[in-house]
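Undergrad: Take a look at this one; I'll ask things after.
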Amino acid sequence: MVTINVPTIIEAKDLNIEFIEIVFSNINTLSKINGILSTYDVKTIYYMVLGNYAQQKAFYVVSLSPLAGIKEIVRKLSGLKDVKEVNYGAKVVGNFAISPFMVSIVSPLKNVENVLMSRVFLLEALRSLRKKWGLASLVFLYHLGYNYGRELARALSKDNVPANVSLMLSLEFLRLSGFYKDYEVVTFNANKGNLVLYIYGSVECSKAYERKPSSNFLRGIIGGIVSEIAKKDVTVYEIKCIAKGDNYCEFVS
């Protein structure tokens, strides 16, 4: 398990935004925290709670009323019995407020540092690469994805985990990461490296500019996953694609 730090930037035009991070040891303290915020007429735009039974961390994005003083609110919060630490602040750039600290989430990838990338940014990068390099970019994208897939499957694999479980873990990770909406494994033979996979709502193919199989990056990722699980080089092909008007993208190896 590794921790991913997520930056928080929100539009804050005409709002007195503060970011508040509270570390506390008893989950029952959460109701007291919310009670204090309510007393000062604080409007909670967003909040989340992370942690375990020993220590919790609450992250709030709030809008303060003109009469509310953040230092007084923090003093009240810090005075609660089970509250260990309170951090707050906001950096304003134009009409945007930026949190001075990160929201930390846990990734299942072991011993791997992580970065986040916007879906829009990824698609624009893929589009620009295709526009500049043409057919050569398709080979590049496949092998880039292939190595990504191998490393993903390797990071999620553990001793004595069945091959089908490793495949499902990798596919679930991709789904939750936003590569597609859903998937269906039709057949899978780990010994031979044979796979028939339906992908629904592929992001890469949904933004394709040509009516032909267009998922070269994801196709490579799937090929890398299967290759790592099968312990042999496997090539994956896309024979159906939503860019062509099909209901789903079909990958086979």
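Following the order of the structure tokens, chains are lettered A, B, ..., residues in each are numbered from 1, and ligands are numbered from 1.
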Quick one: residues within 8 Å of region 35-44 of chain A, only C-alpha atoms, excluding same-chain residues fewer than 6 positions away - as a PyMOL selection string?

TA: chain A and resi 60-65+68+73+76-77

Undergrad: Can you pull out the residues contacting Arg175 (chain A)? Cut-off 12 Å, using only C-alpha atoms, and skip same-chain residues under 4 positions away; I want them as a list in words.

TA: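 So the residues in contact are Met168, Leu169, Ser170, Leu171, Phe179, Tyr180, Lys181, Asp182, Tyr183, Glu184, Ile199, Tyr200, Gly201, Ser202, Val203 and Leu218 of chain A.
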
Undergrad: Excluding Leu195 (chain A) and its own-chain neighbours fewer than 2 positions away, which residues fall within 6 Å of it when counting only C-alpha atoms? Please give them as a list in words.

TA: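 Once the adjacent positions are removed, what remains is Thr187, Phe188, Val252 and Ser253 of chain A.
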
Undergrad: Store the residues picked out above in a file with N, CA and C atoms, as an mmCIF file, in the first residue's frame.

TA:
```cif
data_model
loop_
_atom_site.group_PDB
_atom_site.id
_atom_site.type_symbol
_atom_site.label_atom_id
_atom_site.label_comp_id
_atom_site.auth_asym_id
_atom_site.auth_seq_id
_atom_site.Cartn_x
_atom_site.Cartn_y
_atom_site.Cartn_z
ATOM 1 N N THR A 187 -13.557 -15.033 -22.068
ATOM 2 C CA THR A 187 -12.723 -16.224 -21.847
ATOM 3 C C THR A 187 -11.322 -15.775 -21.457
ATOM 4 N N PHE A 188 -10.667 -16.612 -20.660
ATOM 5 C CA PHE A 188 -9.279 -16.324 -20.281
ATOM 6 C C PHE A 188 -8.569 -17.627 -19.958
ATOM 7 N N VAL A 252 -8.854 -9.298 -28.130
ATOM 8 C CA VAL A 252 -8.557 -10.732 -28.150
ATOM 9 C C VAL A 252 -7.046 -10.915 -28.205
ATOM 10 N N SER A 253 -6.586 -12.025 -27.645
ATOM 11 C CA SER A 253 -5.152 -12.361 -27.726
ATOM 12 C C SER A 253 -5.018 -13.855 -27.987
#
```

Undergrad: Closest to Glu228 (chain A) among A:Glu204, A:Glu151, A:Glu172, A:Asp246, using only C-alpha atoms?

TA: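 Closest to Glu228 (chain A), using only C-alpha atoms: A:Glu151.
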
Undergrad: Measuring between only C-alpha atoms, which one of A:Asn147, A:Thr8, A:Asn28, A:Ser78 shows the shortest distance to Pro100 (chain A)?

TA: A:Thr8

Undergrad: Run DSSP on the backbone of this structure and report the residues of region 1-194 of chain A it assigns to helix (DSSP H, G or I), as number ranges by chain.

TA: A: 29-39, 70-78, 119-133, 135-156, 163-176

Undergrad: Using only C-alpha atoms, pick whichever of A:Gln56, A:Ser31, A:Ser177, A:Asn16 has the shortest atom-to-atom distance to Val92 (chain A).

TA: A:Asn16

Undergrad: Would you list the contacts of Tyr198 (chain A) as a list in words, taking every protein, DNA or RNA residue within 7 Å and counting only C-alpha atoms, but skipping same-chain residues closer than 4 positions in sequence?

TA: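 Here the answer would be Tyr183, Glu184, Val185, Tyr248, Cys249, Glu250 and Phe251 of chain A.
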
Undergrad: Between A:Ala190, A:Ile45, A:Val196, A:Val83, which one has atoms that come closest to Leu15 (chain A), using only C-alpha atoms?

TA: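 Ranked by minimum distance to Leu15 (chain A), first place goes to A:Ile45.
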
Undergrad: Enumerate as a compact mmCIF listing (two decimals) with all heavy atoms, in the first residue's frame all residues of region 9-196 of chain A assigned to strand (DSSP E) by DSSP on the backbone, naming them with the chain letters and numbers the document uses.

TA:
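Final output, saved to out_25.txt:
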```
# COMPACT_ATOMS: atom_id res chain seq x y z
N ILE A 9 -7.98 22.24 -5.51
CA ILE A 9 -8.12 23.60 -6.02
C ILE A 9 -9.59 23.79 -6.40
O ILE A 9 -10.13 22.99 -7.17
CB ILE A 9 -7.24 23.84 -7.25
CG1 ILE A 9 -5.76 23.55 -6.93
CG2 ILE A 9 -7.39 25.27 -7.76
CD1 ILE A 9 -4.85 23.63 -8.15
N ILE A 10 -10.23 24.81 -5.84
CA ILE A 10 -11.63 25.04 -6.17
C ILE A 10 -11.85 26.49 -6.55
O ILE A 10 -11.12 27.39 -6.13
CB ILE A 10 -12.58 24.65 -5.01
CG1 ILE A 10 -12.39 25.63 -3.84
CG2 ILE A 10 -12.36 23.23 -4.56
CD1 ILE A 10 -13.47 25.47 -2.78
N GLU A 11 -12.88 26.74 -7.36
CA GLU A 11 -13.24 28.11 -7.71
C GLU A 11 -13.90 28.75 -6.50
O GLU A 11 -14.81 28.17 -5.89
CB GLU A 11 -14.17 28.13 -8.92
CG GLU A 11 -14.40 29.52 -9.48
CD GLU A 11 -15.12 29.50 -10.81
OE1 GLU A 11 -15.51 28.41 -11.25
OE2 GLU A 11 -15.28 30.58 -11.41
N ILE A 17 -13.19 31.19 1.48
CA ILE A 17 -12.87 29.76 1.56
C ILE A 17 -11.73 29.51 2.54
O ILE A 17 -10.74 30.23 2.58
CB ILE A 17 -12.46 29.21 0.18
CG1 ILE A 17 -13.65 29.28 -0.79
CG2 ILE A 17 -11.93 27.78 0.27
CD1 ILE A 17 -14.80 28.37 -0.39
N GLU A 18 -11.90 28.46 3.34
CA GLU A 18 -10.82 27.94 4.19
C GLU A 18 -10.79 26.43 4.05
O GLU A 18 -11.82 25.77 3.88
CB GLU A 18 -11.04 28.29 5.66
CG GLU A 18 -10.80 29.75 6.00
CD GLU A 18 -9.33 30.14 6.02
OE1 GLU A 18 -8.47 29.22 5.99
OE2 GLU A 18 -9.05 31.35 6.07
N PHE A 19 -9.59 25.88 4.08
CA PHE A 19 -9.39 24.43 4.13
C PHE A 19 -9.00 24.08 5.55
O PHE A 19 -8.10 24.71 6.13
CB PHE A 19 -8.30 24.00 3.16
CG PHE A 19 -8.60 24.33 1.72
CD1 PHE A 19 -8.18 25.54 1.17
CD2 PHE A 19 -9.32 23.45 0.93
CE1 PHE A 19 -8.45 25.85 -0.15
CE2 PHE A 19 -9.61 23.75 -0.39
CZ PHE A 19 -9.18 24.96 -0.94
N ILE A 20 -9.67 23.09 6.14
CA ILE A 20 -9.40 22.70 7.52
C ILE A 20 -9.10 21.21 7.56
O ILE A 20 -9.86 20.39 7.02
CB ILE A 20 -10.60 23.00 8.45
CG1 ILE A 20 -11.00 24.48 8.34
CG2 ILE A 20 -10.26 22.66 9.89
CD1 ILE A 20 -12.27 24.82 9.12
N GLU A 21 -8.00 20.85 8.19
CA GLU A 21 -7.60 19.46 8.37
C GLU A 21 -7.56 19.17 9.87
O GLU A 21 -6.88 19.87 10.62
CB GLU A 21 -6.23 19.23 7.74
CG GLU A 21 -5.72 17.80 7.85
CD GLU A 21 -4.29 17.70 7.36
OE1 GLU A 21 -3.41 18.33 7.99
OE2 GLU A 21 -4.05 17.01 6.36
N ILE A 22 -8.30 18.15 10.29
CA ILE A 22 -8.42 17.84 11.72
C ILE A 22 -8.04 16.39 11.96
O ILE A 22 -8.59 15.48 11.33
CB ILE A 22 -9.85 18.08 12.23
CG1 ILE A 22 -10.33 19.48 11.84
CG2 ILE A 22 -9.94 17.88 13.74
CD1 ILE A 22 -11.81 19.70 12.03
N VAL A 23 -7.09 16.16 12.85
CA VAL A 23 -6.68 14.81 13.24
C VAL A 23 -7.27 14.51 14.61
O VAL A 23 -7.09 15.30 15.55
CB VAL A 23 -5.15 14.69 13.29
CG1 VAL A 23 -4.73 13.27 13.70
CG2 VAL A 23 -4.54 15.06 11.94
N PHE A 24 -7.99 13.40 14.73
CA PHE A 24 -8.64 13.06 16.00
C PHE A 24 -8.64 11.55 16.20
O PHE A 24 -8.43 10.79 15.25
CB PHE A 24 -10.06 13.63 16.07
CG PHE A 24 -10.95 13.22 14.92
CD1 PHE A 24 -11.87 12.19 15.06
CD2 PHE A 24 -10.87 13.88 13.69
CE1 PHE A 24 -12.69 11.81 14.01
CE2 PHE A 24 -11.69 13.50 12.63
CZ PHE A 24 -12.60 12.47 12.79
N LYS A 43 -20.47 27.11 6.24
CA LYS A 43 -21.08 26.30 5.19
C LYS A 43 -20.04 25.31 4.65
O LYS A 43 -19.02 25.72 4.10
CB LYS A 43 -21.60 27.19 4.06
CG LYS A 43 -22.73 28.11 4.50
CD LYS A 43 -23.23 28.96 3.34
CE LYS A 43 -24.36 29.87 3.79
NZ LYS A 43 -24.84 30.73 2.68
N THR A 44 -20.33 24.03 4.84
CA THR A 44 -19.40 23.00 4.37
C THR A 44 -19.65 22.71 2.89
O THR A 44 -20.73 22.26 2.51
CB THR A 44 -19.56 21.71 5.19
OG1 THR A 44 -19.30 21.99 6.56
CG2 THR A 44 -18.61 20.64 4.70
N ILE A 45 -18.65 23.00 2.07
CA ILE A 45 -18.75 22.73 0.64
C ILE A 45 -18.45 21.26 0.36
O ILE A 45 -19.07 20.62 -0.49
CB ILE A 45 -17.77 23.64 -0.13
CG1 ILE A 45 -18.16 25.11 0.08
CG2 ILE A 45 -17.75 23.30 -1.62
CD1 ILE A 45 -17.17 26.09 -0.51
N TYR A 46 -17.50 20.73 1.09
CA TYR A 46 -17.09 19.33 0.89
C TYR A 46 -16.31 18.87 2.10
O TYR A 46 -15.60 19.66 2.73
CB TYR A 46 -16.19 19.23 -0.36
CG TYR A 46 -15.55 17.88 -0.55
CD1 TYR A 46 -16.25 16.83 -1.12
CD2 TYR A 46 -14.22 17.66 -0.15
CE1 TYR A 46 -15.65 15.58 -1.29
CE2 TYR A 46 -13.63 16.42 -0.33
CZ TYR A 46 -14.35 15.39 -0.89
OH TYR A 46 -13.76 14.17 -1.05
N TYR A 47 -16.49 17.61 2.47
CA TYR A 47 -15.61 17.05 3.50
C TYR A 47 -15.49 15.55 3.32
O TYR A 47 -16.36 14.90 2.74
CB TYR A 47 -16.08 17.42 4.90
CG TYR A 47 -17.11 16.51 5.53
CD1 TYR A 47 -16.72 15.49 6.40
CD2 TYR A 47 -18.47 16.66 5.26
CE1 TYR A 47 -17.66 14.66 6.99
CE2 TYR A 47 -19.41 15.85 5.84
CZ TYR A 47 -19.00 14.84 6.70
OH TYR A 47 -19.93 14.01 7.28
N MET A 48 -14.39 15.02 3.81
CA MET A 48 -14.19 13.57 3.78
C MET A 48 -13.41 13.18 5.02
O MET A 48 -12.69 13.98 5.62
CB MET A 48 -13.44 13.14 2.51
CG MET A 48 -12.01 13.63 2.42
SD MET A 48 -11.21 13.20 0.84
CE MET A 48 -11.32 11.40 0.88
N VAL A 49 -13.59 11.92 5.42
CA VAL A 49 -12.92 11.40 6.61
C VAL A 49 -12.15 10.16 6.21
O VAL A 49 -12.69 9.24 5.56
CB VAL A 49 -13.93 11.06 7.73
CG1 VAL A 49 -13.19 10.51 8.95
CG2 VAL A 49 -14.74 12.29 8.10
N LEU A 50 -10.88 10.10 6.57
CA LEU A 50 -10.01 8.97 6.27
C LEU A 50 -9.35 8.50 7.55
O LEU A 50 -9.21 9.26 8.51
CB LEU A 50 -8.95 9.37 5.25
CG LEU A 50 -9.45 9.86 3.90
CD1 LEU A 50 -8.31 10.48 3.11
CD2 LEU A 50 -10.08 8.73 3.11
N GLY A 51 -8.91 7.25 7.57
CA GLY A 51 -8.16 6.76 8.72
C GLY A 51 -8.63 5.40 9.18
O GLY A 51 -9.24 4.64 8.44
N GLN A 56 -8.24 9.19 13.07
CA GLN A 56 -9.03 9.67 11.95
C GLN A 56 -8.49 11.02 11.50
O GLN A 56 -7.91 11.78 12.28
CB GLN A 56 -10.50 9.85 12.37
CG GLN A 56 -11.10 8.68 13.12
CD GLN A 56 -11.35 7.50 12.21
OE1 GLN A 56 -11.72 7.68 11.06
NE2 GLN A 56 -11.18 6.29 12.73
N LYS A 57 -8.72 11.32 10.22
CA LYS A 57 -8.36 12.63 9.70
C LYS A 57 -9.53 13.14 8.87
O LYS A 57 -9.95 12.48 7.92
CB LYS A 57 -7.10 12.58 8.86
CG LYS A 57 -6.67 13.96 8.32
CD LYS A 57 -5.39 13.87 7.48
CE LYS A 57 -4.18 13.62 8.36
NZ LYS A 57 -2.91 13.72 7.59
N ALA A 58 -10.06 14.31 9.25
CA ALA A 58 -11.16 14.92 8.51
C ALA A 58 -10.63 16.10 7.71
O ALA A 58 -9.84 16.90 8.23
CB ALA A 58 -12.26 15.37 9.47
N PHE A 59 -11.07 16.19 6.47
CA PHE A 59 -10.66 17.27 5.58
C PHE A 59 -11.90 18.04 5.16
O PHE A 59 -12.84 17.47 4.61
CB PHE A 59 -9.95 16.69 4.36
CG PHE A 59 -9.61 17.72 3.32
CD1 PHE A 59 -8.50 18.54 3.47
CD2 PHE A 59 -10.37 17.86 2.18
CE1 PHE A 59 -8.18 19.49 2.51
CE2 PHE A 59 -10.06 18.79 1.21
CZ PHE A 59 -8.96 19.61 1.37
N TYR A 60 -11.94 19.33 5.47
CA TYR A 60 -13.09 20.18 5.17
C TYR A 60 -12.71 21.29 4.20
O TYR A 60 -11.64 21.89 4.31
CB TYR A 60 -13.62 20.85 6.44
CG TYR A 60 -14.37 19.95 7.40
CD1 TYR A 60 -13.69 19.15 8.31
CD2 TYR A 60 -15.76 19.92 7.40
CE1 TYR A 60 -14.38 18.34 9.20
CE2 TYR A 60 -16.46 19.11 8.29
CZ TYR A 60 -15.76 18.32 9.19
OH TYR A 60 -16.45 17.52 10.06
N VAL A 61 -13.61 21.55 3.27
CA VAL A 61 -13.56 22.76 2.46
C VAL A 61 -14.79 23.56 2.87
O VAL A 61 -15.92 23.10 2.67
CB VAL A 61 -13.60 22.47 0.95
CG1 VAL A 61 -13.50 23.77 0.16
CG2 VAL A 61 -12.48 21.52 0.56
N VAL A 62 -14.59 24.73 3.46
CA VAL A 62 -15.72 25.48 4.03
C VAL A 62 -15.73 26.91 3.51
O VAL A 62 -14.71 27.46 3.07
CB VAL A 62 -15.67 25.49 5.57
CG1 VAL A 62 -15.70 24.07 6.11
CG2 VAL A 62 -14.44 26.24 6.07
N SER A 63 -16.91 27.51 3.58
CA SER A 63 -17.09 28.93 3.29
C SER A 63 -17.52 29.61 4.58
O SER A 63 -18.52 29.22 5.19
CB SER A 63 -18.15 29.12 2.19
OG SER A 63 -18.39 30.50 1.98
N VAL A 83 -9.30 15.66 19.86
CA VAL A 83 -8.65 16.30 18.71
C VAL A 83 -7.16 16.46 19.00
O VAL A 83 -6.76 17.04 20.00
CB VAL A 83 -9.29 17.66 18.40
CG1 VAL A 83 -8.43 18.43 17.38
CG2 VAL A 83 -10.69 17.47 17.83
N LYS A 84 -6.32 15.93 18.10
CA LYS A 84 -4.88 15.97 18.29
C LYS A 84 -4.21 17.12 17.54
O LYS A 84 -3.18 17.64 17.97
CB LYS A 84 -4.26 14.65 17.82
CG LYS A 84 -4.74 13.43 18.59
CD LYS A 84 -4.08 12.16 18.06
CE LYS A 84 -4.51 10.94 18.85
NZ LYS A 84 -3.85 9.71 18.36
N GLU A 85 -4.80 17.51 16.41
CA GLU A 85 -4.14 18.52 15.58
C GLU A 85 -5.17 19.17 14.67
O GLU A 85 -6.08 18.51 14.17
CB GLU A 85 -3.04 17.85 14.75
CG GLU A 85 -2.23 18.78 13.89
CD GLU A 85 -1.17 18.02 13.09
OE1 GLU A 85 -0.92 16.83 13.42
OE2 GLU A 85 -0.63 18.60 12.13
N VAL A 86 -5.04 20.48 14.46
CA VAL A 86 -5.90 21.22 13.53
C VAL A 86 -5.01 22.09 12.65
O VAL A 86 -4.21 22.89 13.15
CB VAL A 86 -6.93 22.10 14.25
CG1 VAL A 86 -7.81 22.82 13.21
CG2 VAL A 86 -7.80 21.27 15.20
N ASN A 87 -5.13 21.92 11.34
CA ASN A 87 -4.41 22.75 10.38
C ASN A 87 -5.43 23.47 9.51
O ASN A 87 -6.51 22.94 9.23
CB ASN A 87 -3.49 21.90 9.49
CG ASN A 87 -2.46 21.15 10.30
OD1 ASN A 87 -1.71 21.74 11.07
ND2 ASN A 87 -2.43 19.83 10.16
N TYR A 88 -5.10 24.67 9.07
CA TYR A 88 -6.04 25.41 8.23
C TYR A 88 -5.29 26.38 7.34
O TYR A 88 -4.09 26.65 7.53
CB TYR A 88 -7.05 26.16 9.10
CG TYR A 88 -6.46 27.34 9.86
CD1 TYR A 88 -6.54 28.62 9.34
CD2 TYR A 88 -5.80 27.15 11.07
CE1 TYR A 88 -5.99 29.71 10.03
CE2 TYR A 88 -5.25 28.21 11.76
CZ TYR A 88 -5.35 29.49 11.23
OH TYR A 88 -4.79 30.56 11.90
N GLY A 89 -6.01 26.95 6.38
CA GLY A 89 -5.42 27.95 5.49
C GLY A 89 -5.98 27.85 4.09
O GLY A 89 -6.74 26.93 3.77
N LYS A 91 -4.65 29.43 -0.04
CA LYS A 91 -3.91 30.35 -0.90
C LYS A 91 -4.83 30.73 -2.05
O LYS A 91 -5.34 29.87 -2.76
CB LYS A 91 -2.64 29.69 -1.43
CG LYS A 91 -1.82 30.59 -2.33
CD LYS A 91 -0.54 29.90 -2.79
CE LYS A 91 0.31 30.83 -3.66
NZ LYS A 91 1.56 30.16 -4.09
N VAL A 92 -5.06 32.03 -2.21
CA VAL A 92 -5.97 32.50 -3.24
C VAL A 92 -5.17 32.97 -4.45
O VAL A 92 -4.26 33.80 -4.32
CB VAL A 92 -6.86 33.65 -2.71
CG1 VAL A 92 -7.77 34.17 -3.83
CG2 VAL A 92 -7.68 33.17 -1.53
N VAL A 93 -5.52 32.43 -5.60
CA VAL A 93 -4.90 32.83 -6.87
C VAL A 93 -6.04 33.18 -7.82
O VAL A 93 -6.77 32.29 -8.28
CB VAL A 93 -4.02 31.72 -7.46
CG1 VAL A 93 -3.44 32.17 -8.80
CG2 VAL A 93 -2.91 31.33 -6.50
N PHE A 96 -9.55 31.46 -7.53
CA PHE A 96 -9.39 30.09 -7.07
C PHE A 96 -8.71 30.04 -5.70
O PHE A 96 -7.85 30.86 -5.39
CB PHE A 96 -8.59 29.27 -8.08
CG PHE A 96 -9.28 29.09 -9.39
CD1 PHE A 96 -9.15 30.05 -10.39
CD2 PHE A 96 -10.09 28.00 -9.62
CE1 PHE A 96 -9.81 29.90 -11.60
CE2 PHE A 96 -10.75 27.83 -10.83
CZ PHE A 96 -10.61 28.80 -11.82
N ALA A 97 -9.12 29.05 -4.91
CA ALA A 97 -8.51 28.80 -3.61
C ALA A 97 -7.78 27.47 -3.67
O ALA A 97 -8.31 26.47 -4.17
CB ALA A 97 -9.57 28.78 -2.51
N ILE A 98 -6.56 27.46 -3.14
CA ILE A 98 -5.72 26.27 -3.18
C ILE A 98 -5.43 25.82 -1.76
O ILE A 98 -5.04 26.62 -0.90
CB ILE A 98 -4.39 26.56 -3.89
CG1 ILE A 98 -4.65 27.12 -5.29
CG2 ILE A 98 -3.52 25.30 -3.96
CD1 ILE A 98 -3.41 27.63 -6.00
N VAL A 103 -4.93 16.02 0.48
CA VAL A 103 -5.77 14.93 0.94
C VAL A 103 -5.05 13.64 0.56
O VAL A 103 -4.69 13.45 -0.60
CB VAL A 103 -7.16 14.96 0.28
CG1 VAL A 103 -7.98 13.76 0.71
CG2 VAL A 103 -7.89 16.25 0.65
N SER A 104 -4.82 12.78 1.52
CA SER A 104 -4.08 11.54 1.28
C SER A 104 -5.01 10.36 1.14
O SER A 104 -5.86 10.13 2.00
CB SER A 104 -3.08 11.29 2.42
OG SER A 104 -2.13 12.33 2.49
N ILE A 105 -4.88 9.63 0.05
CA ILE A 105 -5.64 8.41 -0.16
C ILE A 105 -4.65 7.26 -0.34
O ILE A 105 -3.48 7.48 -0.65
CB ILE A 105 -6.59 8.51 -1.37
CG1 ILE A 105 -5.80 8.83 -2.65
CG2 ILE A 105 -7.66 9.55 -1.12
CD1 ILE A 105 -6.66 8.88 -3.89
N VAL A 106 -5.15 6.04 -0.18
CA VAL A 106 -4.27 4.87 -0.22
C VAL A 106 -4.46 4.13 -1.53
O VAL A 106 -5.58 3.87 -1.96
CB VAL A 106 -4.54 3.93 0.97
CG1 VAL A 106 -3.68 2.68 0.87
CG2 VAL A 106 -4.26 4.66 2.28
N SER A 107 -3.36 3.80 -2.18
CA SER A 107 -3.37 3.01 -3.41
C SER A 107 -2.98 1.57 -3.08
O SER A 107 -2.13 1.34 -2.22
CB SER A 107 -2.38 3.59 -4.42
OG SER A 107 -2.14 2.67 -5.47
N ASP A 182 -16.91 -0.09 -17.81
CA ASP A 182 -17.11 -1.46 -17.32
C ASP A 182 -16.41 -2.43 -18.28
O ASP A 182 -15.93 -2.03 -19.34
CB ASP A 182 -18.60 -1.78 -17.23
CG ASP A 182 -18.91 -2.84 -16.19
OD1 ASP A 182 -17.95 -3.44 -15.64
OD2 ASP A 182 -20.10 -3.09 -15.92
N TYR A 183 -16.41 -3.70 -17.90
CA TYR A 183 -15.75 -4.72 -18.71
C TYR A 183 -16.40 -6.07 -18.48
O TYR A 183 -17.13 -6.28 -17.51
CB TYR A 183 -14.26 -4.80 -18.36
CG TYR A 183 -14.01 -5.27 -16.94
CD1 TYR A 183 -13.82 -6.62 -16.66
CD2 TYR A 183 -13.99 -4.37 -15.88
CE1 TYR A 183 -13.61 -7.06 -15.37
CE2 TYR A 183 -13.78 -4.80 -14.59
CZ TYR A 183 -13.59 -6.14 -14.33
OH TYR A 183 -13.40 -6.58 -13.05
N GLU A 184 -16.12 -6.99 -19.38
CA GLU A 184 -16.61 -8.38 -19.26
C GLU A 184 -15.53 -9.32 -19.80
O GLU A 184 -15.14 -9.21 -20.96
CB GLU A 184 -17.91 -8.56 -20.05
CG GLU A 184 -18.46 -9.97 -20.01
CD GLU A 184 -19.71 -10.12 -20.87
OE1 GLU A 184 -20.22 -9.09 -21.37
OE2 GLU A 184 -20.15 -11.27 -21.06
N VAL A 185 -15.06 -10.21 -18.94
CA VAL A 185 -14.11 -11.22 -19.38
C VAL A 185 -14.90 -12.39 -19.94
O VAL A 185 -15.60 -13.09 -19.21
CB VAL A 185 -13.21 -11.69 -18.22
CG1 VAL A 185 -12.25 -12.77 -18.69
CG2 VAL A 185 -12.43 -10.50 -17.64
N VAL A 186 -14.81 -12.60 -21.25
CA VAL A 186 -15.57 -13.69 -21.90
C VAL A 186 -14.84 -15.00 -21.72
O VAL A 186 -15.42 -16.00 -21.27
CB VAL A 186 -15.78 -13.37 -23.39
CG1 VAL A 186 -16.58 -14.49 -24.06
CG2 VAL A 186 -16.49 -12.03 -23.56
N THR A 187 -13.56 -15.03 -22.07
CA THR A 187 -12.72 -16.22 -21.85
C THR A 187 -11.32 -15.77 -21.46
O THR A 187 -10.85 -14.72 -21.89
CB THR A 187 -12.64 -17.11 -23.12
OG1 THR A 187 -12.05 -16.35 -24.18
CG2 THR A 187 -14.01 -17.62 -23.53
N PHE A 188 -10.67 -16.61 -20.66
CA PHE A 188 -9.28 -16.32 -20.28
C PHE A 188 -8.57 -17.63 -19.96
O PHE A 188 -9.02 -18.41 -19.13
CB PHE A 188 -9.24 -15.40 -19.07
CG PHE A 188 -7.84 -15.10 -18.58
CD1 PHE A 188 -6.88 -14.63 -19.46
CD2 PHE A 188 -7.48 -15.31 -17.26
CE1 PHE A 188 -5.58 -14.35 -19.03
CE2 PHE A 188 -6.20 -15.03 -16.81
CZ PHE A 188 -5.24 -14.55 -17.70
N ASN A 189 -7.46 -17.86 -20.66
CA ASN A 189 -6.63 -19.02 -20.42
C ASN A 189 -5.22 -18.51 -20.13
O ASN A 189 -4.50 -18.11 -21.03
CB ASN A 189 -6.63 -19.96 -21.63
CG ASN A 189 -5.87 -21.25 -21.38
OD1 ASN A 189 -4.80 -21.24 -20.78
ND2 ASN A 189 -6.42 -22.36 -21.85
N ASN A 194 -4.46 -16.63 -23.69
CA ASN A 194 -5.62 -16.33 -24.53
C ASN A 194 -6.67 -15.55 -23.72
O ASN A 194 -7.01 -15.93 -22.60
CB ASN A 194 -6.26 -17.61 -25.06
CG ASN A 194 -5.35 -18.33 -26.05
OD1 ASN A 194 -4.45 -17.72 -26.63
ND2 ASN A 194 -5.58 -19.61 -26.24
N LEU A 195 -7.16 -14.48 -24.32
CA LEU A 195 -8.15 -13.63 -23.66
C LEU A 195 -9.15 -13.10 -24.67
O LEU A 195 -8.79 -12.72 -25.79
CB LEU A 195 -7.46 -12.44 -22.99
CG LEU A 195 -8.36 -11.34 -22.39
CD1 LEU A 195 -9.03 -11.83 -21.12
CD2 LEU A 195 -7.55 -10.08 -22.10
N VAL A 196 -10.43 -13.10 -24.28
CA VAL A 196 -11.47 -12.37 -25.00
C VAL A 196 -12.11 -11.44 -23.99
O VAL A 196 -12.66 -11.89 -22.98
CB VAL A 196 -12.53 -13.30 -25.63
CG1 VAL A 196 -13.62 -12.48 -26.31
CG2 VAL A 196 -11.87 -14.24 -26.64
```

Undergrad: Counting only C-alpha atoms, which residue out of A:Lys244, A:Ala155, A:Phe173, A:His143 sits closest to Gly224 (chain A)?

TA: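 Closest to Gly224 (chain A), using only C-alpha atoms: A:His143.
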